[in-house]
Each structure stands twice: as C-alpha cells, then as structure tokens.
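K.L.:
Structure below; questions to follow.
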Amino acid sequence: MRSSVSRVVAIATAGALALAACSSDKSGKGAANETTADGKVIIDTFSPADSTTNMDTNLVTKIMSDKFKIQFRWQTTTLDAGPAKEKRQIALASGDYPDLFFLIPWVDGFTNAEVLKLGQQGVALPLEQLIKDNAPNIQKFLDENKDYKQEATAPDGHIYALPQWADCFHCSRPDKLWINTAWLKKLGLQMPKTTEELRTVLQAFKTKDPNGNGKADEIPMTSDVQDSALIPYLMNAFAYDPVGANNGVRSLLTLNGDKVVTPVTSPEWKEGLKYIASLYKEGLIDQAAFTQNAQALQAQGNNPKAETLGSVPVLHPYIFVQADSKDGRDKQYDAAPPLTGPAGKSYTGYQYLTSTNYTFMLTNKASKEAQVAAIKMLDYIFTDEGQEIGGMGPLGVGWTKPGPGDVALDKDTKPLYKPAQNAPKNSSWGALTQYHNVLAYRNAQVVPLDIYSGAGYERRLFQATKMYEGHEDKSQLYPQAVVWPDPSLSGELATLQTNLNNYVNQNQLAFITGTKNLDTDWDAYVKGLDSTGLPRYLEINQQAYDKYKSANK
C-alpha cells in the first residue's frame, strides 16, 4: 500500500519540480489580491482534516477569519498520510496549488529537501522579511531557539517554510508497544522484557482464548500503515532503528563517530528481520498490520463483539481504542519496556526534535495582502492564547481556566489551562497549531492524577515514556532535522530518498512475509541498494553533515 502510493508521489514530485522550474518568482510580491464583499482577503489553504472536521464551519476557522480578516477557501485531505501527501504533490505537479500549505507534520509535512527545491524554484516564498515586519512572536522564537532557527533556515539564508515546535516528551520516543495487561493477568504471564518472552506471550494470546469467548479470534499483534512502530520496536532489540520524519517514514541514516552510515545492511538488521519474520510465520503478527489504514485498526480495537487485540506497536493506545470505552478496554493497555535481544541490545528510537517536517508554506500564488494576513495569524498561534484557542477551541468549549485543586502535568508548575473532556467535534484546529508548544506550556496543562482516565491520559503517556528514556543511543543519532543538503543537490537527494525508502520498505516486507528468503536473497538486496543509489545518498549526507559540524564547532 505505502509503496504504491510512494511511486505515485515520486512521479508527482518530479512533475511538480519540473513545473515549478518553468515559472520561478522569488520576489515575494505575490499574485493579485482577491477579497470578499466585506473586505476579507481570500486565502486558498491546503490542510488535512479528520472525518469529524469541516474546516469551513469549524469554530476556530470563524475566530481566525474574523480576527485577521481572512476568508479561507479550503482544500482538505484526510489524516491518512499516504493519500494526503499524494494529493499535495499532485496539486503541485498540476500547478493548481494553494496560496498556503497549512499542514500537520506527521500527515503531509514537507521534508527539508522538498522545501529547499520549492524555494529555489520560486514556488515557496521567502518568509524572513515577512516575519521581521509582521510577526514579533515568531521572530522572538527564532532569535531565542537555535535549533528552531537552524531547522527553519535554508543554506541560502532564506526561510521558505516553518516547522512546528512541540516539546512532547512521549513523542520523542515513538516506538512503543502497548500490551493487553488484563490478558497477561488472566493467563498468569509477566510483562515481556526479552524477544523470546514476547514470543511466549504472543503464542499464549493466540492459543489460550484470553478474551474467553471460545473463539480463536484473538490478534496477538497488529498495527496500521500510518502509525506503525512494529518493525522499529522489534528491530531495536537487534539494531538501532533511527526515527525519520514524523509522518511515519523511517530514517536510513545513523552515525558511526562522525561517519554517516546506514543500519539496513548490517548483520544485526538481518537478524532483526529474521526474528520479525519468525513471528509472522507463526501467525503472531496480523497480516493486515502491513496493509490496513488507521480506521481499520480502530475497528479492530473497538470491535463491539469481542476484545481481540493483544498488543499494538504505535505511539499511544488511543490510536487503536476509544478513550473512556464503556467496557473499560482502553484502560487495559500498558506500555511494554524496550525489549532486550539475544545479544543484549535494547534500543529505542529517539526524535530529539519532535516536529521534523515543514508545515507552513506560503506560495507564489499568495497576494501580498494574503501573505501578511497569514503570517499575522501564525504569529498569534505562537502566543499562549493562540495555542489555547487554536489547539483546543474557544474558552469554555475546548478548555477552561484551572480551578482549586487542579494539578499540572509537571506537579511543580502552576497550571495554565484545563483541556475539556469530550469537547464538541469541529471546535478546534488541533494539531495544525502546535508551533510554540514549548515544555513550559505543555507541562502547565491540568492533568488528573488518575492515569487511566481520559483526562489523565497525558500523564499516562509521560510515565510510560520514562521506561524508554535512556535506551536511545544518541551517539548514533544523525540530526537530520537541522542538517540541510547542498542546495544544488536537493532535487537529487529527494529522489534518492524516495527511491531508497521504497526499496527498503518493499524488501523488508518481502523478507518478513516470506516472499523473499533472508538466507538466499539478502546479498541481492544489499547489492540492489547500491544500484538504487545508496552510496551517493550517503555521500551527499556526509557532505551536509561535515558542513553542519564545521559550522557548529
């Protein structure tokens, strides 16, 4: 599923870049202004939205529209990353792209290579002067936060797009396994700590009817294409599996000292794939885990006839089970620790900047008036009030002020806001607005001490992540978010990255599902990486890393 989408996206990307090259305009003057009868500037805006959100009637849309005199003309996608990114690229390739891309990083954010190419070709407008003239809150954050400025600023000195910033502790270690501890208790099993202990648990889930309905309908382990941490969670017991962009694409790069290398050709990686393939062969990993979308996973997790899921490797359990479920099943899933493999390794993926894609991009279709209105809106989102309203909805609808006895996520911090439970649908912009989600702000939210309540969920995730803290190997971390490629090579790099990701994903699935044999086909897989461009990909990234290191001595 992902591989076919990726091929379409690769073709669309090439078309988009070719089109953009034909009509470059870096002046920032933009197109002619278009307004409504009541004087609002019209901004064509491309954004993802879930099935319960109508951006035209959304409460925050109305607030932002009135406050900044903007009439949004929305082009929306779903939150399914593959189709969303495909639609975004097709819009670019056709020339029918919007004034503003306003995205979610883990859905359809741009990579730095894509941003750089679109900026060079005049599709993405430079923002730095616009920010300096109209956005004091953004400018202040750029001046104060070195990592954010490095991430935002291209090698030519321009800011062509802005990333979000979210100091999300639980997001920083995304490769977790959530396991049904009620089933463990019923079967008299302990939480697994090693790869073989996990096998024993999954075998029991499959064969001993832990849901008690007399049917062999239990699914020991499953996931979905968009959210899956299945391969990385299991692989990290054998080899360090680096986190990549936060829309589900893994990185191919690690460091060995100051040398840029890849783990996907190592003997340890091969052993990890053997282990995962053995679980799949035993029927302990659901076949649908590698093909189904998020909605299908939720249907499994919320199956009204029976509780069927034994374990799910994703960022958090509400991805697959309804919060505050009537039968309490959402309370039965706890995080397993990072597994220890046969050689004693026990890693976890680490993303030190939790928003590594670019989500706010003004294009050369935007009029000067649209540019100013849009950047002023974003500047407001950089304030606490803007975050509260944008992320949760209006005061009294999506959140309230703290009351007596309310406790912040960080118990030593004065609480600032209290998210509403069961807030009305279509009342906020949610993840579209996490641009200044700094630690002090995030830790100031009111979170009840009961970690199994919906309201206490953030504390539950915080505590679960503590088990993973320290298992990341920061010495192997390639800081991809702040390492920009040579501008002249950005197009080549983007193509190489797409081709290599496709190749690795396709072959990993083939090895796991048994359509390729790890003993007889591994050497051909490694050789194929060379012909797909791995040596050149490593060379370009090594040059970029060397330049980054030299600039940060």
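Convention: chains lettered A, B, ... in structure tokens order; per-chain residue numbering from 1; ligands numbered from 1 as shown.
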Ala32 (chain A): which residues within 10 Å, counting only C-alpha atoms, same-chain residues fewer than 4 positions away excluded, as a PDB file with N, CA, C and O atoms, in the first residue's frame?
P.N.:
ATOM      1  N   LYS A 365       1.436  31.935  -5.304  1.00  0.00           N
ATOM      2  CA  LYS A 365       0.038  32.229  -5.650  1.00  0.00           C
ATOM      3  C   LYS A 365      -0.572  33.248  -4.684  1.00  0.00           C
ATOM      4  O   LYS A 365      -1.628  33.819  -4.960  1.00  0.00           O
ATOM      5  N   ALA A 366       0.065  33.443  -3.518  1.00  0.00           N
ATOM      6  CA  ALA A 366      -0.494  34.305  -2.482  1.00  0.00           C
ATOM      7  C   ALA A 366      -0.216  35.775  -2.784  1.00  0.00           C
ATOM      8  O   ALA A 366       0.912  36.164  -3.092  1.00  0.00           O
ATOM      9  N   SER A 367      -1.248  36.607  -2.666  1.00  0.00           N
ATOM     10  CA  SER A 367      -1.064  38.053  -2.807  1.00  0.00           C
ATOM     11  C   SER A 367      -0.301  38.583  -1.603  1.00  0.00           C
ATOM     12  O   SER A 367      -0.181  37.917  -0.575  1.00  0.00           O
ATOM     13  N   LYS A 368       0.233  39.796  -1.730  1.00  0.00           N
ATOM     14  CA  LYS A 368       0.946  40.394  -0.601  1.00  0.00           C
ATOM     15  C   LYS A 368       0.027  40.513   0.612  1.00  0.00           C
ATOM     16  O   LYS A 368       0.440  40.264   1.746  1.00  0.00           O
ATOM     17  N   GLU A 369      -1.236  40.886   0.360  1.00  0.00           N
ATOM     18  CA  GLU A 369      -2.191  41.004   1.460  1.00  0.00           C
ATOM     19  C   GLU A 369      -2.446  39.658   2.123  1.00  0.00           C
ATOM     20  O   GLU A 369      -2.568  39.566   3.350  1.00  0.00           O
ATOM     21  N   ALA A 370      -2.517  38.607   1.324  1.00  0.00           N
ATOM     22  CA  ALA A 370      -2.708  37.256   1.871  1.00  0.00           C
ATOM     23  C   ALA A 370      -1.495  36.828   2.686  1.00  0.00           C
ATOM     24  O   ALA A 370      -1.627  36.208   3.749  1.00  0.00           O
TER      25      ALA A 370
END
K.L.:
Wanna dump the region 119-208 of chain A-region 308-319 of chain A contacts at 12 Å for me, each residue with its shortest atom pair and the distance in Å to one decimal, counting only C-alpha atoms, ordered by chain and number, as a tab-separated table?
P.N.:
residue	atom	partner	partner_atom	distance
A:Cys168	CA	A:Leu315	CA	11.8
A:Phe169	CA	A:Leu315	CA	11.5
A:His170	CA	A:Leu315	CA	8.0
A:Cys171	CA	A:Leu315	CA	7.2
A:Ser172	CA	A:Leu315	CA	9.8
A:Arg173	CA	A:Leu315	CA	8.2
A:Pro174	CA	A:Leu315	CA	5.1
A:Asp175	CA	A:Leu315	CA	6.3
A:Lys176	CA	A:Pro313	CA	5.5
A:Leu177	CA	A:Pro313	CA	4.1
A:Trp178	CA	A:Val312	CA	5.3
A:Ile179	CA	A:Ser311	CA	4.2
A:Asn180	CA	A:Gly310	CA	5.2
A:Thr181	CA	A:Gly310	CA	8.6
A:Ala182	CA	A:Gly310	CA	9.5
A:Trp183	CA	A:Gly310	CA	7.5
A:Leu184	CA	A:Gly310	CA	9.1
A:Met191	CA	A:Ser311	CA	11.5
A:Pro192	CA	A:Ser311	CA	11.5
A:Leu198	CA	A:Ser311	CA	10.2
A:Arg199	CA	A:Ser311	CA	11.8
A:Val201	CA	A:Gly310	CA	9.1
A:Leu202	CA	A:Gly310	CA	7.6
A:Gln203	CA	A:Gly310	CA	10.4
A:Ala204	CA	A:Gly310	CA	9.8
A:Phe205	CA	A:Gly310	CA	6.4
A:Lys206	CA	A:Gly310	CA	8.6
A:Thr207	CA	A:Gly310	CA	11.7
A:Lys208	CA	A:Gly310	CA	11.8
K.L.:
Kindly indicate which residue among A:Asp410, A:Ala464, A:Ala113, A:Pro263 lies nearest to Tyr333 (chain A), using only C-alpha atoms for the distances.
P.N.:
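Answer, going by the shortest atom-to-atom distance: A:Ala464.
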K.L.:
Using only C-alpha atoms, find the one residue out of A:Leu489, A:Pro404, A:Asn437, A:Thr265 that sits nearest to Gly386 (chain A).
P.N.:
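Closest to Gly386 (chain A) of all the choices is A:Asn437.
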K.L.:
As a JSON list (two decimals) with C-alpha atoms, in the first residue's frame, please: every residue in region 173-330 of chain A that a backbone DSSP assignment puts in strand (DSSP E or B).
P.N.:
[["chain", "number", "residue", "atom", "x", "y", "z"],
["A", 177, "LEU", "CA", 4.42, -1.46, 22.32],
["A", 178, "TRP", "CA", 1.05, -1.33, 24.11],
["A", 179, "ILE", "CA", 0.11, -4.71, 25.51],
["A", 180, "ASN", "CA", -3.15, -6.03, 26.97],
["A", 194, "THR", "CA", 13.07, -10.05, 26.02],
["A", 219, "ILE", "CA", -4.98, -10.98, 17.24],
["A", 254, "THR", "CA", 22.90, 6.70, 11.67],
["A", 255, "LEU", "CA", 26.33, 7.87, 12.78],
["A", 256, "ASN", "CA", 29.42, 5.84, 13.49],
["A", 259, "LYS", "CA", 30.78, 8.91, 9.62],
["A", 260, "VAL", "CA", 27.29, 8.77, 8.12],
["A", 261, "VAL", "CA", 26.24, 5.14, 7.69],
["A", 309, "LEU", "CA", -6.21, -7.06, 20.28],
["A", 311, "SER", "CA", -0.66, -5.85, 21.52],
["A", 312, "VAL", "CA", -0.24, -2.87, 19.21]]
K.L.:
Between A:Trp484, A:Ala135, A:Pro105, A:Ala306, which residue has the minimum interatomic distance to Gly157 (chain A), considering only C-alpha atoms?
P.N.:
A:Trp484
K.L.:
Could you pull the residues within 10 Å of Asp384 (chain A), counting only C-alpha atoms, minus those fewer than 4 positions along the same chain, as a list of chain:residue names?
P.N.:
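Answer for this query is A:Tyr380, A:Glu388, A:Ile389, A:Gly390, A:Leu416, A:Tyr417, A:His436, A:Asn437, A:Tyr441.
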K.L.:
May I have the residues from that selection written out with all heavy atoms, as a PDB file, in the first residue's frame?
P.N.:
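Okay, this is what ended up in part-v6.pdb:
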ATOM      1  N   TYR A 380      -0.006  34.908  15.918  1.00  0.00           N
ATOM      2  CA  TYR A 380      -0.958  34.777  17.023  1.00  0.00           C
ATOM      3  C   TYR A 380      -0.930  33.359  17.594  1.00  0.00           C
ATOM      4  O   TYR A 380      -0.981  33.157  18.814  1.00  0.00           O
ATOM      5  CB  TYR A 380      -2.352  35.140  16.538  1.00  0.00           C
ATOM      6  CG  TYR A 380      -3.455  34.943  17.552  1.00  0.00           C
ATOM      7  CD1 TYR A 380      -3.478  35.665  18.740  1.00  0.00           C
ATOM      8  CD2 TYR A 380      -4.490  34.036  17.307  1.00  0.00           C
ATOM      9  CE1 TYR A 380      -4.503  35.496  19.665  1.00  0.00           C
ATOM     10  CE2 TYR A 380      -5.514  33.859  18.218  1.00  0.00           C
ATOM     11  CZ  TYR A 380      -5.518  34.589  19.402  1.00  0.00           C
ATOM     12  OH  TYR A 380      -6.532  34.403  20.316  1.00  0.00           O
ATOM     13  N   GLU A 388      -3.968  28.048  22.828  1.00  0.00           N
ATOM     14  CA  GLU A 388      -5.126  27.539  23.559  1.00  0.00           C
ATOM     15  C   GLU A 388      -6.361  27.496  22.671  1.00  0.00           C
ATOM     16  O   GLU A 388      -7.047  26.470  22.578  1.00  0.00           O
ATOM     17  CB  GLU A 388      -5.382  28.418  24.796  1.00  0.00           C
ATOM     18  CG  GLU A 388      -4.332  28.242  25.880  1.00  0.00           C
ATOM     19  CD  GLU A 388      -4.332  29.371  26.898  1.00  0.00           C
ATOM     20  OE1 GLU A 388      -4.949  30.434  26.635  1.00  0.00           O
ATOM     21  OE2 GLU A 388      -3.703  29.205  27.957  1.00  0.00           O
ATOM     22  N   ILE A 389      -6.633  28.602  21.995  1.00  0.00           N
ATOM     23  CA  ILE A 389      -7.806  28.666  21.135  1.00  0.00           C
ATOM     24  C   ILE A 389      -7.634  27.795  19.895  1.00  0.00           C
ATOM     25  O   ILE A 389      -8.525  27.026  19.524  1.00  0.00           O
ATOM     26  CB  ILE A 389      -8.105  30.129  20.749  1.00  0.00           C
ATOM     27  CG1 ILE A 389      -8.563  30.906  21.986  1.00  0.00           C
ATOM     28  CG2 ILE A 389      -9.162  30.196  19.639  1.00  0.00           C
ATOM     29  CD1 ILE A 389      -8.731  32.392  21.766  1.00  0.00           C
ATOM     30  N   GLY A 390      -6.470  27.886  19.253  1.00  0.00           N
ATOM     31  CA  GLY A 390      -6.242  27.104  18.040  1.00  0.00           C
ATOM     32  C   GLY A 390      -6.229  25.617  18.307  1.00  0.00           C
ATOM     33  O   GLY A 390      -6.846  24.834  17.579  1.00  0.00           O
ATOM     34  N   LEU A 416      -1.967  26.227  33.852  1.00  0.00           N
ATOM     35  CA  LEU A 416      -2.330  27.364  32.990  1.00  0.00           C
ATOM     36  C   LEU A 416      -3.677  27.160  32.304  1.00  0.00           C
ATOM     37  O   LEU A 416      -4.448  28.101  32.132  1.00  0.00           O
ATOM     38  CB  LEU A 416      -1.238  27.571  31.940  1.00  0.00           C
ATOM     39  CG  LEU A 416      -1.416  28.693  30.932  1.00  0.00           C
ATOM     40  CD1 LEU A 416      -1.408  30.045  31.625  1.00  0.00           C
ATOM     41  CD2 LEU A 416      -0.304  28.638  29.866  1.00  0.00           C
ATOM     42  N   TYR A 417      -3.979  25.924  31.919  1.00  0.00           N
ATOM     43  CA  TYR A 417      -5.206  25.655  31.177  1.00  0.00           C
ATOM     44  C   TYR A 417      -5.661  24.222  31.438  1.00  0.00           C
ATOM     45  O   TYR A 417      -4.851  23.347  31.766  1.00  0.00           O
ATOM     46  CB  TYR A 417      -5.012  25.870  29.674  1.00  0.00           C
ATOM     47  CG  TYR A 417      -3.893  25.037  29.073  1.00  0.00           C
ATOM     48  CD1 TYR A 417      -4.154  23.816  28.463  1.00  0.00           C
ATOM     49  CD2 TYR A 417      -2.569  25.471  29.121  1.00  0.00           C
ATOM     50  CE1 TYR A 417      -3.129  23.044  27.919  1.00  0.00           C
ATOM     51  CE2 TYR A 417      -1.538  24.710  28.583  1.00  0.00           C
ATOM     52  CZ  TYR A 417      -1.831  23.502  27.992  1.00  0.00           C
ATOM     53  OH  TYR A 417      -0.818  22.741  27.462  1.00  0.00           O
ATOM     54  N   HIS A 436       4.333  26.613  18.950  1.00  0.00           N
ATOM     55  CA  HIS A 436       5.121  27.119  20.075  1.00  0.00           C
ATOM     56  C   HIS A 436       4.765  26.313  21.320  1.00  0.00           C
ATOM     57  O   HIS A 436       4.564  26.841  22.401  1.00  0.00           O
ATOM     58  CB  HIS A 436       4.837  28.608  20.283  1.00  0.00           C
ATOM     59  CG  HIS A 436       5.801  29.281  21.209  1.00  0.00           C
ATOM     60  ND1 HIS A 436       5.413  29.932  22.347  1.00  0.00           N
ATOM     61  CD2 HIS A 436       7.165  29.400  21.162  1.00  0.00           C
ATOM     62  CE1 HIS A 436       6.470  30.419  22.976  1.00  0.00           C
ATOM     63  NE2 HIS A 436       7.540  30.110  22.274  1.00  0.00           N
ATOM     64  N   ASN A 437       4.714  24.992  21.115  1.00  0.00           N
ATOM     65  CA  ASN A 437       4.311  24.069  22.171  1.00  0.00           C
ATOM     66  C   ASN A 437       5.542  23.707  23.012  1.00  0.00           C
ATOM     67  O   ASN A 437       5.998  22.576  23.040  1.00  0.00           O
ATOM     68  CB  ASN A 437       3.694  22.819  21.533  1.00  0.00           C
ATOM     69  CG  ASN A 437       2.732  22.106  22.440  1.00  0.00           C
ATOM     70  OD1 ASN A 437       3.002  21.008  22.890  1.00  0.00           O
ATOM     71  ND2 ASN A 437       1.593  22.715  22.701  1.00  0.00           N
ATOM     72  N   TYR A 441       4.843  25.407  28.449  1.00  0.00           N
ATOM     73  CA  TYR A 441       3.422  25.460  28.115  1.00  0.00           C
ATOM     74  C   TYR A 441       2.785  24.083  28.249  1.00  0.00           C
ATOM     75  O   TYR A 441       1.724  23.920  28.858  1.00  0.00           O
ATOM     76  CB  TYR A 441       3.240  25.993  26.694  1.00  0.00           C
ATOM     77  CG  TYR A 441       1.808  25.966  26.209  1.00  0.00           C
ATOM     78  CD1 TYR A 441       0.931  26.984  26.554  1.00  0.00           C
ATOM     79  CD2 TYR A 441       1.339  24.920  25.425  1.00  0.00           C
ATOM     80  CE1 TYR A 441      -0.395  26.960  26.122  1.00  0.00           C
ATOM     81  CE2 TYR A 441       0.019  24.887  24.986  1.00  0.00           C
ATOM     82  CZ  TYR A 441      -0.839  25.904  25.339  1.00  0.00           C
ATOM     83  OH  TYR A 441      -2.149  25.863  24.902  1.00  0.00           O
TER      84      TYR A 441
END
K.L.:
What does the distance between CA of Pro485 (chain A) and CA of Asn112 (chain A) come to in Å, to one decimal place?
P.N.:
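Going from CA of Pro485 (chain A) over to CA of Asn112 (chain A), I get 8.1 Å.
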K.L.:
Quick one: DSSP alpha helix (DSSP H) residues in region 321-481 of chain A, as a PyMOL selection string?
P.N.:
chain A and resi 368-381+384-392+439-442+457-466
K.L.:
For those residues, write C-alpha atoms to a file as a tab-separated table (two decimals), in the first residue's frame.
P.N.:
chain	number	residue	atom	x	y	z
A	368	LYS	CA	0.95	40.39	-0.60
A	369	GLU	CA	-2.19	41.00	1.46
A	370	ALA	CA	-2.71	37.26	1.87
A	371	GLN	CA	0.91	36.81	2.92
A	372	VAL	CA	0.61	39.46	5.64
A	373	ALA	CA	-2.72	38.16	6.95
A	374	ALA	CA	-1.47	34.56	7.05
A	375	ILE	CA	1.79	35.34	8.88
A	376	LYS	CA	-0.06	37.50	11.40
A	377	MET	CA	-2.42	34.61	12.06
A	378	LEU	CA	0.53	32.28	12.61
A	379	ASP	CA	2.17	34.85	14.88
A	380	TYR	CA	-0.96	34.78	17.02
A	381	ILE	CA	-0.74	30.97	17.17
A	384	ASP	CA	-0.30	31.06	24.64
A	385	GLU	CA	-3.77	32.42	23.85
A	386	GLY	CA	-3.41	31.50	20.19
A	387	GLN	CA	-2.30	27.99	21.09
A	388	GLU	CA	-5.13	27.54	23.56
A	389	ILE	CA	-7.81	28.67	21.14
A	390	GLY	CA	-6.24	27.10	18.04
A	391	GLY	CA	-5.36	23.79	19.62
A	392	MET	CA	-8.39	23.28	21.88
A	439	LEU	CA	7.91	22.47	27.54
A	440	ALA	CA	6.74	25.16	29.96
A	441	TYR	CA	3.42	25.46	28.11
A	442	ARG	CA	2.86	21.73	27.71
A	457	TYR	CA	-4.03	10.33	29.52
A	458	GLU	CA	-1.11	12.71	29.04
A	459	ARG	CA	0.27	11.68	32.44
A	460	ARG	CA	-0.09	8.02	31.45
A	461	LEU	CA	1.96	8.61	28.32
A	462	PHE	CA	4.54	10.61	30.24
A	463	GLN	CA	5.02	7.82	32.78
A	464	ALA	CA	5.17	5.14	30.07
A	465	THR	CA	7.87	7.04	28.21
A	466	LYS	CA	10.03	7.11	31.33
K.L.:
Using only C-alpha atoms, can you tell me which of A:Glu492, A:Asp224, A:Asp523, A:Glu114 comes closest to Ser266 (chain A)?
P.N.:
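Ranked by minimum distance to Ser266 (chain A), first place goes to A:Asp523.
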K.L.:
At a cut-off of 6 Å, using only C-alpha atoms, what residues contact Ser427 (chain A)? Leave out same-chain residues fewer than 3 positions from it and give the result as a PDB file with C-alpha atoms, in the first residue's frame.
P.N.:
ATOM      1  CA  ASN A  58     -15.026  24.983  12.321  1.00  0.00           C
ATOM      2  CA  LEU A  59     -15.224  27.261  15.387  1.00  0.00           C
ATOM      3  CA  GLY A 393     -11.089  25.672  20.683  1.00  0.00           C
ATOM      4  CA  PRO A 424     -17.623  19.169  20.775  1.00  0.00           C
TER       5      PRO A 424
END
K.L.:
Using only C-alpha atoms, can you tell me which of A:Val115, A:Ile104, A:Ala37, A:Ala544 comes closest to Leu362 (chain A)?
P.N.:
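Closest to Leu362 (chain A) of all the choices is A:Val115.
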K.L.:
Extract, using only C-alpha atoms, all DNA, RNA and protein residues at most 10 Å from Ser325 (chain A), discarding same-chain residues fewer than 4 positions from it, and format them as an mmCIF file with N, CA and C atoms, in the first residue's frame.
P.N.:
data_model
loop_
_atom_site.group_PDB
_atom_site.id
_atom_site.type_symbol
_atom_site.label_atom_id
_atom_site.label_comp_id
_atom_site.auth_asym_id
_atom_site.auth_seq_id
_atom_site.Cartn_x
_atom_site.Cartn_y
_atom_site.Cartn_z
ATOM 1 N N ASN A 302 -11.956 -1.442 18.588
ATOM 2 C CA ASN A 302 -13.257 -1.111 19.168
ATOM 3 C C ASN A 302 -14.338 -2.121 18.803
ATOM 4 N N VAL A 321 -7.878 2.330 20.198
ATOM 5 C CA VAL A 321 -9.008 2.030 21.066
ATOM 6 C C VAL A 321 -9.630 3.345 21.538
ATOM 7 N N ARG A 329 -11.943 -1.187 28.103
ATOM 8 C CA ARG A 329 -10.806 -1.856 27.452
ATOM 9 C C ARG A 329 -9.630 -0.908 27.223
ATOM 10 N N ASP A 330 -9.899 0.396 27.108
ATOM 11 C CA ASP A 330 -8.807 1.337 26.897
ATOM 12 C C ASP A 330 -7.860 1.403 28.091
ATOM 13 N N LYS A 331 -8.329 0.978 29.255
ATOM 14 C CA LYS A 331 -7.512 1.010 30.475
ATOM 15 C C LYS A 331 -6.632 -0.231 30.605
ATOM 16 N N GLY A 454 -9.568 9.372 30.732
ATOM 17 C CA GLY A 454 -9.256 10.123 29.522
ATOM 18 C C GLY A 454 -8.550 11.421 29.832
#
K.L.:
So the first atom is CA of Asn303 (chain A) and the second is CA of Phe320 (chain A); what is the distance between them in Å, to one decimal place?
P.N.:
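A separation of 10.5 Å between them.
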K.L.:
With a distance cut-off of 9 Å and only C-alpha atoms, select the neighbouring residues of Pro163 (chain A), excluding the residue or stretch itself and same-chain residues fewer than 2 positions from it, and output the selection as a list of chain:residue names.
P.N.:
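With the cut-off at 9 Å, the set is A:Pro105, A:Gly109, A:Phe110, A:Tyr148, A:Glu151, A:Ala152, A:Ala161, A:Trp165, A:Ser355, A:Thr356, A:Asn357, A:Tyr358, A:Thr359, A:Phe360, A:Tyr435.
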K.L.:
Determine, counting only C-alpha atoms, which protein, DNA and RNA residues have an atom within 12 Å of an atom of Lys132 (chain A); residues of the same chain fewer than 4 positions away are not included. Present the result as a list of chain:residue names.
P.N.:
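Result of the neighbour search: A:Pro126, A:Leu127, A:Glu128, A:Pro136, A:Asn137, A:Ile138, A:Gln139, A:Lys140, A:Phe141, A:Leu142, A:Asp143, A:Ile159, A:Val372, A:Ile375, A:Lys376, A:Asp379.
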K.L.:
With C-alpha atoms kept, could you save the residues just selected as a PDB file, in the first residue's frame?
P.N.:
ATOM      1  CA  PRO A 126      10.899  33.542   1.486  1.00  0.00           C
ATOM      2  CA  LEU A 127       9.335  34.376   4.838  1.00  0.00           C
ATOM      3  CA  GLU A 128      12.131  36.033   6.817  1.00  0.00           C
ATOM      4  CA  PRO A 136       7.245  39.586  16.508  1.00  0.00           C
ATOM      5  CA  ASN A 137       6.420  36.361  18.358  1.00  0.00           C
ATOM      6  CA  ILE A 138       7.826  34.177  15.590  1.00  0.00           C
ATOM      7  CA  GLN A 139      10.906  36.395  15.297  1.00  0.00           C
ATOM      8  CA  LYS A 140      11.483  36.202  19.043  1.00  0.00           C
ATOM      9  CA  PHE A 141      11.337  32.398  18.995  1.00  0.00           C
ATOM     10  CA  LEU A 142      13.728  32.232  16.038  1.00  0.00           C
ATOM     11  CA  ASP A 143      16.158  34.511  17.890  1.00  0.00           C
ATOM     12  CA  ILE A 159      13.151  30.684   5.457  1.00  0.00           C
ATOM     13  CA  VAL A 372       0.614  39.458   5.638  1.00  0.00           C
ATOM     14  CA  ILE A 375       1.787  35.343   8.876  1.00  0.00           C
ATOM     15  CA  LYS A 376      -0.061  37.505  11.401  1.00  0.00           C
ATOM     16  CA  ASP A 379       2.171  34.846  14.876  1.00  0.00           C
TER      17      ASP A 379
END
K.L.:
Name the closest residue to Ala494 (chain A) among the candidates A:Tyr233, A:Tyr537, A:Trp269, A:Tyr468; distances are taken between atoms, counting only C-alpha atoms.
P.N.:
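Among A:Tyr233, A:Tyr537, A:Trp269, A:Tyr468, it is A:Tyr537 that comes nearest to Ala494 (chain A).
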